[in-house]
Each structure stands twice: as structure tokens, then as C-alpha cells.
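Asks: Sharing a structure, written as C-alpha cells. Questions coming.
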Amino acid sequence: MTTLSALTLVRNRQAHLDRLVEGLTLSASPPDELIVIDMSDAPVTLPTLDFPVRIERLAGDALPLAAARNLAAALASGDILLFLDVDCIVSSAVCGRMQALLAEHDAVVCPEVLYLPAGAIPPGPLSITDLKTAGRPHPVRPFPQDGESLERNPGLFWSLAFALRRSTFDRIGGFDETYVGYGAEDTDLGFRIARDGLPLLFAGGAPVFHQHHEGYDPPLQHFHALIANADRFHGAWSIWPMDGWLRAMAELGLVDWSPDRLTICREPTPTEIAAARKDPANPF
């Protein structure tokens with residue numbers, strides 16, 4: 001029987017972490033352990049659970065997502081690694097589904113994600129049935145109704161929720177830690193998954209729910225990290241990642257963007273950052 005480690009990162013999102021943990025405890029096959037990399041200003045806390053929990057502090061202001069995910073994987077003991085962003089809630093079958101698929105396939109598996117609008121999670125115990133009713137699929141990332149489909153576009157690999165064998169994670173080298181801060185580190189991993197010939201499976205029917213939170217489009221609060229990481233990705237793959245965000249920043253006059261060059265023209269203003277805040281009614 002394969003063992004499964006659930007892995008997550010958190011920075012100042014205790015409430016999201018609490019719901020993630022609640023979903024794991026309600027699983028038909030709970031994880032064998034939970035690894036939490038805590039980058040919060042004040043340490044997060046969790047109650048005693050029926051499975052082991054390890055919380056590891058990672059200091060610094062740079063939001064080192066690639067390094068933090070690699071650290072979580074290094075601390076894990078399971079045969080299967082289930083990476084979950086802290087704003088995720090698994091439905092009951094997710095952990096068991098990932099174990100079963102990865103016992104059969106050496107692959108990277110992305111479970112279906114349904115996005116919750118603001119206010120979809122009332123106080124009190126979770127109702128997975130209510131979450132399924134409220135959740136909406138992402139319009140640009142289709143999943144099968146049930147079963148698995150082979151996804152051939154590596155750009156649709158998102159690190160929001162995915163699972164793979166720990167031996168496979170080690171073999172492909174994990175996340176590239178030269179991507180610092182927000183943006184493109186998961187797309188880089190997706191391209192290396194494709195380069196190495198690993199199947200990327202999209203698994204429908206056992207959803208993960210994305211908890212609503214404030215967001216920005218484009219995420220101008222991460223402006224310098226986005227530019228640096230986009231430039232690094234282009235140097236590695238000769239393709240620009242995050243092209244929708246780059247196009248939006250070019251239209252604002254923040255960057256000069258051409259097929260082979262990306263140059264900062266000026267900083268975004270506080271007003272421009274505020275204007276990029278998403279409508280709370282939009283769950284995506």
C-alpha cells in the first residue's frame with residue numbers, strides 16, 4: 001500500500017489552512033501525514049489530528065514558492081506527494097484517487113478544481129455537498145466529467161493541486177529554485193514534465209475546491225518577481241509565460257514587451273495596483 005504525504009505552504013492564511021486541514025480529516029482515505037511550510041509573520045497553529053503533522057518555519061520576505069515546495073517534499077516520508085495550495089479543500093475521494101492512479105501510472109496528476117465564490121463557506125462544519133453545488137470549473141482548464149484525460153499542453157499544469165510519486169519528483173529535480181517569488185515556477189515544472197515524457201493526467205470526478213480570496217489581474221503587487229521570472233523562463237524555453245499578464249502590463253505602459261525582449265518602463269502606481277483587484281463576485 002502506498003503512503004501519501006499532503007504538502008502545503010502558508011503565509012498569513014490561518015483560516016484557509018484550517019479549512020484545508022478540515023477537508024483532509026473528512027477524507028475517506030486521509031493522508032498519512034501533513035507537511036506545512038509556514039512563511040507567516042506569526043506562526044500558524046493546528047490542533048492534534050489523527051495523522052502526523054509537521055510545521056516547518058521558513059523565514060524571509062521573498063515568497064520563495066519553489067524553494068518552499070522543495071523543502072516540503074524533502075521533509076515528506078510518503079511514496080506519493082500531494083501538493084495543495086493553502087486555499088484548497090479536498091473532497092472525500094481525492095487522496096485515495098491520487099494513490100490509486102499513481103500506483104498504476106508514473107505520471108503527474110492534477111485533480112479537478114472547482115472555484116468557490118465569496119461567501120460559499122459559511123461558519124461551522126464543512127459541507128462537501130454544498131461546496132460541489134457552489135463550485136465552478138475554470139473556463140480555460142477543462143477536466144473530464146469522470147475518469148482521466150491526457151493533457152498535452154504543459155502550460156495548463158498549475159501547482160494549485162497536483163500529485164506524483166516522490167521518486168518521480170526527485171528524478172525531475174523538483175522546482176527550479178532560481179525562480180524567486182511569484183510566477184512561472186510551476187509552468188517551468190510543467191515544461192520539464194513534458195520534456196521528460198511524463199504523462200500529465202487531468203482527473204475529473206473527485207474535486208478539490210478553491211477557497212475564494214482577494215486577487216489581482218494582473219498581479220501587479222508581484223511586479224518585479226513576475227518580470228524576473230518571465231525573463232528567466234524565456235531564457236530557458238524561448239517562450240514567454242504568463243502572456244496575458246505581460247500583455248496587460250504592456251498595455252499599461254509598465255513594460256516594453258516584444259518576442260525576444262522584456263524591459264521595465266516604469267513601476268505600477270498604487271492606483272494601478274488597486275484597479276487590478278478582481279471583482280469579489282468572480283471566483284477565478
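Chain labels run A, B, ... following the order of the C-alpha cells; each chain numbers its residues from 1, and ligands are numbered from 1 in the order shown.
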Hey, what's within 7 Å of region 44-60 of chain A if we count only C-alpha atoms and toss same-chain stuff fewer than 4 positions away? As a list in words, please?
Replies: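 Skipping anything fewer than 4 positions along the chain leaves Gln14, Asp32, Glu33, Leu34, Ile35, Val36, Ile37, Asp38 and Met39 of chain A.
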Asks: Hey, what's within 6 Å of region 203-207 of chain A if we count only C-alpha atoms and toss same-chain stuff fewer than 4 positions away? As a PyMOL selection string, please?
Replies: chain A and resi 91+93-94+111-113+143-148
Asks: Save the residues we just selected, all heavy atoms, as a PDB file, in the first residue's frame?
Replies:
ATOM      1  N   SER A  91     -12.102  17.128  -1.634  1.00  0.00           N
ATOM      2  CA  SER A  91     -13.295  16.328  -1.393  1.00  0.00           C
ATOM      3  C   SER A  91     -12.860  14.947  -0.914  1.00  0.00           C
ATOM      4  O   SER A  91     -11.676  14.596  -0.931  1.00  0.00           O
ATOM      5  CB  SER A  91     -14.162  16.242  -2.647  1.00  0.00           C
ATOM      6  OG  SER A  91     -13.430  15.703  -3.731  1.00  0.00           O
ATOM      7  N   ALA A  93     -12.771  11.858  -1.791  1.00  0.00           N
ATOM      8  CA  ALA A  93     -12.099  10.795  -2.541  1.00  0.00           C
ATOM      9  C   ALA A  93     -10.733  11.188  -3.089  1.00  0.00           C
ATOM     10  O   ALA A  93     -10.048  10.342  -3.677  1.00  0.00           O
ATOM     11  CB  ALA A  93     -12.993  10.339  -3.692  1.00  0.00           C
ATOM     12  N   VAL A  94     -10.304  12.447  -2.922  1.00  0.00           N
ATOM     13  CA  VAL A  94      -9.108  12.921  -3.618  1.00  0.00           C
ATOM     14  C   VAL A  94      -7.867  12.130  -3.223  1.00  0.00           C
ATOM     15  O   VAL A  94      -7.111  11.650  -4.079  1.00  0.00           O
ATOM     16  CB  VAL A  94      -8.889  14.428  -3.375  1.00  0.00           C
ATOM     17  CG1 VAL A  94      -7.504  14.860  -3.849  1.00  0.00           C
ATOM     18  CG2 VAL A  94      -9.958  15.241  -4.073  1.00  0.00           C
ATOM     19  N   PRO A 111      -5.857  16.893  -9.924  1.00  0.00           N
ATOM     20  CA  PRO A 111      -7.277  16.680  -9.687  1.00  0.00           C
ATOM     21  C   PRO A 111      -8.084  17.880 -10.163  1.00  0.00           C
ATOM     22  O   PRO A 111      -7.577  19.020 -10.196  1.00  0.00           O
ATOM     23  CB  PRO A 111      -7.364  16.521  -8.165  1.00  0.00           C
ATOM     24  CG  PRO A 111      -6.179  17.255  -7.637  1.00  0.00           C
ATOM     25  CD  PRO A 111      -5.109  17.135  -8.679  1.00  0.00           C
ATOM     26  N   GLU A 112      -9.302  17.630 -10.544  1.00  0.00           N
ATOM     27  CA  GLU A 112     -10.216  18.699 -10.941  1.00  0.00           C
ATOM     28  C   GLU A 112     -10.318  19.743  -9.832  1.00  0.00           C
ATOM     29  O   GLU A 112     -10.364  19.417  -8.648  1.00  0.00           O
ATOM     30  CB  GLU A 112     -11.591  18.088 -11.219  1.00  0.00           C
ATOM     31  CG  GLU A 112     -12.675  19.078 -11.565  1.00  0.00           C
ATOM     32  CD  GLU A 112     -14.024  18.400 -11.722  1.00  0.00           C
ATOM     33  OE1 GLU A 112     -14.145  17.200 -11.372  1.00  0.00           O
ATOM     34  OE2 GLU A 112     -14.961  19.071 -12.193  1.00  0.00           O
ATOM     35  N   VAL A 113     -10.363  21.012 -10.216  1.00  0.00           N
ATOM     36  CA  VAL A 113     -10.522  22.102  -9.252  1.00  0.00           C
ATOM     37  C   VAL A 113     -11.814  22.844  -9.561  1.00  0.00           C
ATOM     38  O   VAL A 113     -12.065  23.225 -10.711  1.00  0.00           O
ATOM     39  CB  VAL A 113      -9.329  23.077  -9.294  1.00  0.00           C
ATOM     40  CG1 VAL A 113      -9.555  24.235  -8.322  1.00  0.00           C
ATOM     41  CG2 VAL A 113      -8.029  22.354  -8.959  1.00  0.00           C
ATOM     42  N   PHE A 143     -11.651  19.756 -17.473  1.00  0.00           N
ATOM     43  CA  PHE A 143     -11.427  18.417 -16.927  1.00  0.00           C
ATOM     44  C   PHE A 143     -12.540  17.497 -17.409  1.00  0.00           C
ATOM     45  O   PHE A 143     -13.662  17.943 -17.668  1.00  0.00           O
ATOM     46  CB  PHE A 143     -11.445  18.454 -15.396  1.00  0.00           C
ATOM     47  CG  PHE A 143     -10.166  18.946 -14.782  1.00  0.00           C
ATOM     48  CD1 PHE A 143      -9.858  20.295 -14.775  1.00  0.00           C
ATOM     49  CD2 PHE A 143      -9.252  18.065 -14.223  1.00  0.00           C
ATOM     50  CE1 PHE A 143      -8.675  20.754 -14.226  1.00  0.00           C
ATOM     51  CE2 PHE A 143      -8.074  18.508 -13.668  1.00  0.00           C
ATOM     52  CZ  PHE A 143      -7.787  19.860 -13.655  1.00  0.00           C
ATOM     53  N   PRO A 144     -12.255  16.204 -17.509  1.00  0.00           N
ATOM     54  CA  PRO A 144     -13.331  15.257 -17.844  1.00  0.00           C
ATOM     55  C   PRO A 144     -14.352  15.191 -16.719  1.00  0.00           C
ATOM     56  O   PRO A 144     -14.044  15.485 -15.553  1.00  0.00           O
ATOM     57  CB  PRO A 144     -12.591  13.932 -18.007  1.00  0.00           C
ATOM     58  CG  PRO A 144     -11.361  14.067 -17.176  1.00  0.00           C
ATOM     59  CD  PRO A 144     -10.969  15.515 -17.270  1.00  0.00           C
ATOM     60  N   GLN A 145     -15.577  14.839 -17.057  1.00  0.00           N
ATOM     61  CA  GLN A 145     -16.613  14.677 -16.040  1.00  0.00           C
ATOM     62  C   GLN A 145     -16.223  13.604 -15.026  1.00  0.00           C
ATOM     63  O   GLN A 145     -16.506  13.722 -13.834  1.00  0.00           O
ATOM     64  CB  GLN A 145     -17.952  14.323 -16.692  1.00  0.00           C
ATOM     65  CG  GLN A 145     -18.594  15.462 -17.456  1.00  0.00           C
ATOM     66  CD  GLN A 145     -19.092  16.566 -16.548  1.00  0.00           C
ATOM     67  OE1 GLN A 145     -19.772  16.312 -15.561  1.00  0.00           O
ATOM     68  NE2 GLN A 145     -18.739  17.797 -16.880  1.00  0.00           N
ATOM     69  N   ASP A 146     -15.598  12.582 -15.514  1.00  0.00           N
ATOM     70  CA  ASP A 146     -15.144  11.473 -14.666  1.00  0.00           C
ATOM     71  C   ASP A 146     -13.962  10.832 -15.370  1.00  0.00           C
ATOM     72  O   ASP A 146     -13.745  11.023 -16.568  1.00  0.00           O
ATOM     73  CB  ASP A 146     -16.276  10.457 -14.471  1.00  0.00           C
ATOM     74  CG  ASP A 146     -16.079   9.621 -13.204  1.00  0.00           C
ATOM     75  OD1 ASP A 146     -15.069   9.826 -12.506  1.00  0.00           O
ATOM     76  OD2 ASP A 146     -16.937   8.762 -12.938  1.00  0.00           O
ATOM     77  N   GLY A 147     -13.171  10.073 -14.640  1.00  0.00           N
ATOM     78  CA  GLY A 147     -12.021   9.427 -15.252  1.00  0.00           C
ATOM     79  C   GLY A 147     -10.880  10.404 -15.471  1.00  0.00           C
ATOM     80  O   GLY A 147     -10.828  11.478 -14.870  1.00  0.00           O
ATOM     81  N   GLU A 148      -9.961  10.039 -16.366  1.00  0.00           N
ATOM     82  CA  GLU A 148      -8.766  10.830 -16.583  1.00  0.00           C
ATOM     83  C   GLU A 148      -8.606  11.134 -18.070  1.00  0.00           C
ATOM     84  O   GLU A 148      -9.003  10.344 -18.924  1.00  0.00           O
ATOM     85  CB  GLU A 148      -7.507  10.090 -16.098  1.00  0.00           C
ATOM     86  CG  GLU A 148      -7.523   9.720 -14.634  1.00  0.00           C
ATOM     87  CD  GLU A 148      -8.321   8.447 -14.355  1.00  0.00           C
ATOM     88  OE1 GLU A 148      -8.127   7.454 -15.098  1.00  0.00           O
ATOM     89  OE2 GLU A 148      -9.150   8.467 -13.428  1.00  0.00           O
TER      90      GLU A 148
END
Asks: For Ala15 (chain A), which residue out of A:Leu226, A:Leu84, A:Val208, A:Ile89 is the nearest one, using only C-alpha atoms?
Replies: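 The answer is A:Ile89, which sits nearest to Ala15 (chain A).
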Asks: What is the CA of Ala250 (chain A)-CA of Pro270 (chain A) distance in Å, reported with one decimal?
Replies: 17.0 Å
Asks: Find the residues near Ala100 (chain A): any atom within 12 Å, counting only C-alpha atoms, skip ones fewer than 6 places away on the same chain, and give them as a ChimeraX atom specification.
Replies: /A:1-4,29,79-80,93-94,106-107,109,163-165,203
Asks: Can you write out the residues you just picked, keeping N, CA and C atoms, as a short mmCIF file (atom, residue, chain, number, x, y, z; two decimals), in the first residue's frame?
Replies:
data_model
loop_
_atom_site.label_atom_id
_atom_site.label_comp_id
_atom_site.auth_asym_id
_atom_site.auth_seq_id
_atom_site.Cartn_x
_atom_site.Cartn_y
_atom_site.Cartn_z
N MET A 1 0.85 -1.20 0.00
CA MET A 1 0.00 0.00 0.00
C MET A 1 0.88 1.24 0.00
N THR A 2 0.66 2.14 -0.94
CA THR A 2 1.43 3.36 -1.00
C THR A 2 0.98 4.33 0.09
N THR A 3 1.93 5.10 0.61
CA THR A 3 1.62 6.13 1.60
C THR A 3 1.59 7.48 0.91
N LEU A 4 0.78 8.39 1.45
CA LEU A 4 0.59 9.70 0.83
C LEU A 4 0.89 10.80 1.82
N SER A 29 -9.95 8.46 2.70
CA SER A 29 -8.59 7.95 2.94
C SER A 29 -7.72 9.15 3.30
N ASP A 79 5.22 7.82 -0.18
CA ASP A 79 5.54 7.40 -1.54
C ASP A 79 4.91 8.33 -2.57
N ILE A 80 3.77 8.92 -2.20
CA ILE A 80 3.03 9.85 -3.05
C ILE A 80 3.05 11.22 -2.40
N ALA A 93 -12.77 11.86 -1.79
CA ALA A 93 -12.10 10.80 -2.54
C ALA A 93 -10.73 11.19 -3.09
N VAL A 94 -10.30 12.45 -2.92
CA VAL A 94 -9.11 12.92 -3.62
C VAL A 94 -7.87 12.13 -3.22
N ASP A 106 3.14 6.09 -13.64
CA ASP A 106 4.18 7.06 -13.31
C ASP A 106 3.85 8.32 -14.08
N ALA A 107 3.17 9.24 -13.42
CA ALA A 107 2.60 10.40 -14.09
C ALA A 107 2.53 11.55 -13.11
N VAL A 109 -0.45 14.01 -11.80
CA VAL A 109 -1.92 14.02 -11.82
C VAL A 109 -2.43 15.31 -11.21
N ALA A 163 -0.36 15.81 -7.83
CA ALA A 163 0.25 14.69 -7.12
C ALA A 163 1.17 13.93 -8.06
N LEU A 164 2.19 13.33 -7.48
CA LEU A 164 3.11 12.48 -8.23
C LEU A 164 3.88 11.61 -7.25
N ARG A 165 4.55 10.60 -7.76
CA ARG A 165 5.40 9.78 -6.92
C ARG A 165 6.60 10.61 -6.43
N ALA A 203 -7.63 14.59 -13.81
CA ALA A 203 -8.55 13.62 -13.21
C ALA A 203 -9.84 14.32 -12.78
#
Asks: So how far away is CA of His16 (chain A) from CA of Thr129 (chain A), in Å?
Replies: 18.7 Å
Asks: Apply DSSP to the backbone of this structure and, from region 64-128 of chain A, keep only the residues in alpha helix (DSSP H); write these as a list in words.
Replies: Leu65, Ala66, Ala67, Ala68, Arg69, Asn70, Leu71, Ala72, Ala73, Ala74, Leu75, Val94, Cys95, Gly96, Arg97, Met98, Gln99, Ala100, Leu101, Leu102, Ala103, Glu104 and Ile128 of chain A
Asks: With N, CA and C atoms retained, export the selected residues as a PDB file, in the first residue's frame.
Replies:
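Wrote it out as part_27.pdb, contents follow:
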ATOM      1  N   LEU A  65       8.413  30.402  -3.376  1.00  0.00           N
ATOM      2  CA  LEU A  65       7.470  29.304  -3.584  1.00  0.00           C
ATOM      3  C   LEU A  65       8.178  28.029  -4.027  1.00  0.00           C
ATOM      4  N   ALA A  66       9.107  28.137  -4.975  1.00  0.00           N
ATOM      5  CA  ALA A  66       9.802  26.944  -5.465  1.00  0.00           C
ATOM      6  C   ALA A  66      10.590  26.288  -4.341  1.00  0.00           C
ATOM      7  N   ALA A  67      11.360  27.080  -3.600  1.00  0.00           N
ATOM      8  CA  ALA A  67      12.168  26.527  -2.509  1.00  0.00           C
ATOM      9  C   ALA A  67      11.288  25.937  -1.418  1.00  0.00           C
ATOM     10  N   ALA A  68      10.163  26.578  -1.125  1.00  0.00           N
ATOM     11  CA  ALA A  68       9.277  26.081  -0.070  1.00  0.00           C
ATOM     12  C   ALA A  68       8.651  24.749  -0.459  1.00  0.00           C
ATOM     13  N   ARG A  69       8.241  24.600  -1.714  1.00  0.00           N
ATOM     14  CA  ARG A  69       7.670  23.311  -2.139  1.00  0.00           C
ATOM     15  C   ARG A  69       8.737  22.219  -2.120  1.00  0.00           C
ATOM     16  N   ASN A  70       9.945  22.559  -2.536  1.00  0.00           N
ATOM     17  CA  ASN A  70      11.022  21.568  -2.473  1.00  0.00           C
ATOM     18  C   ASN A  70      11.318  21.159  -1.034  1.00  0.00           C
ATOM     19  N   LEU A  71      11.282  22.112  -0.113  1.00  0.00           N
ATOM     20  CA  LEU A  71      11.514  21.789   1.293  1.00  0.00           C
ATOM     21  C   LEU A  71      10.420  20.863   1.809  1.00  0.00           C
ATOM     22  N   ALA A  72       9.167  21.142   1.460  1.00  0.00           N
ATOM     23  CA  ALA A  72       8.068  20.272   1.889  1.00  0.00           C
ATOM     24  C   ALA A  72       8.281  18.851   1.388  1.00  0.00           C
ATOM     25  N   ALA A  73       8.686  18.718   0.123  1.00  0.00           N
ATOM     26  CA  ALA A  73       8.921  17.385  -0.440  1.00  0.00           C
ATOM     27  C   ALA A  73      10.078  16.690   0.269  1.00  0.00           C
ATOM     28  N   ALA A  74      11.127  17.438   0.606  1.00  0.00           N
ATOM     29  CA  ALA A  74      12.284  16.840   1.272  1.00  0.00           C
ATOM     30  C   ALA A  74      11.934  16.336   2.663  1.00  0.00           C
ATOM     31  N   LEU A  75      10.977  16.983   3.318  1.00  0.00           N
ATOM     32  CA  LEU A  75      10.578  16.587   4.669  1.00  0.00           C
ATOM     33  C   LEU A  75       9.566  15.448   4.673  1.00  0.00           C
ATOM     34  N   VAL A  94     -10.304  12.447  -2.922  1.00  0.00           N
ATOM     35  CA  VAL A  94      -9.108  12.921  -3.618  1.00  0.00           C
ATOM     36  C   VAL A  94      -7.867  12.130  -3.223  1.00  0.00           C
ATOM     37  N   CYS A  95      -7.611  11.984  -1.934  1.00  0.00           N
ATOM     38  CA  CYS A  95      -6.368  11.315  -1.504  1.00  0.00           C
ATOM     39  C   CYS A  95      -6.314   9.878  -2.013  1.00  0.00           C
ATOM     40  N   GLY A  96      -7.398   9.139  -1.849  1.00  0.00           N
ATOM     41  CA  GLY A  96      -7.430   7.762  -2.326  1.00  0.00           C
ATOM     42  C   GLY A  96      -7.309   7.672  -3.826  1.00  0.00           C
ATOM     43  N   ARG A  97      -7.926   8.619  -4.541  1.00  0.00           N
ATOM     44  CA  ARG A  97      -7.852   8.628  -6.017  1.00  0.00           C
ATOM     45  C   ARG A  97      -6.413   8.848  -6.471  1.00  0.00           C
ATOM     46  N   MET A  98      -5.709   9.770  -5.824  1.00  0.00           N
ATOM     47  CA  MET A  98      -4.319  10.033  -6.204  1.00  0.00           C
ATOM     48  C   MET A  98      -3.445   8.804  -5.934  1.00  0.00           C
ATOM     49  N   GLN A  99      -3.668   8.147  -4.809  1.00  0.00           N
ATOM     50  CA  GLN A  99      -2.897   6.935  -4.502  1.00  0.00           C
ATOM     51  C   GLN A  99      -3.146   5.845  -5.542  1.00  0.00           C
ATOM     52  N   ALA A 100      -4.399   5.642  -5.898  1.00  0.00           N
ATOM     53  CA  ALA A 100      -4.729   4.577  -6.851  1.00  0.00           C
ATOM     54  C   ALA A 100      -4.145   4.860  -8.231  1.00  0.00           C
ATOM     55  N   LEU A 101      -4.275   6.097  -8.707  1.00  0.00           N
ATOM     56  CA  LEU A 101      -3.771   6.436 -10.033  1.00  0.00           C
ATOM     57  C   LEU A 101      -2.254   6.320 -10.095  1.00  0.00           C
ATOM     58  N   LEU A 102      -1.586   6.784  -9.045  1.00  0.00           N
ATOM     59  CA  LEU A 102      -0.127   6.798  -9.086  1.00  0.00           C
ATOM     60  C   LEU A 102       0.482   5.449  -8.743  1.00  0.00           C
ATOM     61  N   ALA A 103      -0.290   4.563  -8.168  1.00  0.00           N
ATOM     62  CA  ALA A 103       0.170   3.183  -8.039  1.00  0.00           C
ATOM     63  C   ALA A 103       0.203   2.505  -9.404  1.00  0.00           C
ATOM     64  N   GLU A 104      -0.655   2.979 -10.309  1.00  0.00           N
ATOM     65  CA  GLU A 104      -0.759   2.378 -11.637  1.00  0.00           C
ATOM     66  C   GLU A 104       0.081   3.101 -12.685  1.00  0.00           C
ATOM     67  N   ILE A 128     -19.331  19.200   2.092  1.00  0.00           N
ATOM     68  CA  ILE A 128     -18.759  18.969   0.766  1.00  0.00           C
ATOM     69  C   ILE A 128     -19.856  19.010  -0.297  1.00  0.00           C
TER      70      ILE A 128
END
Asks: Can you tell me how far CA of Val86 (chain A) sits from CA of His210 (chain A), in Å to one decimal?
Replies: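 Answer for the CA of Val86 (chain A) to CA of His210 (chain A) separation: 9.0 Å.
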Asks: Here is a test: counting only C-alpha atoms, which residue of A:Pro31, A:Gly190, A:Pro123, A:Gly235 is nearest to Arg19 (chain A)?
Replies: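 Comparing A:Pro31, A:Gly190, A:Pro123, A:Gly235 against Arg19 (chain A), the winner is A:Pro123.
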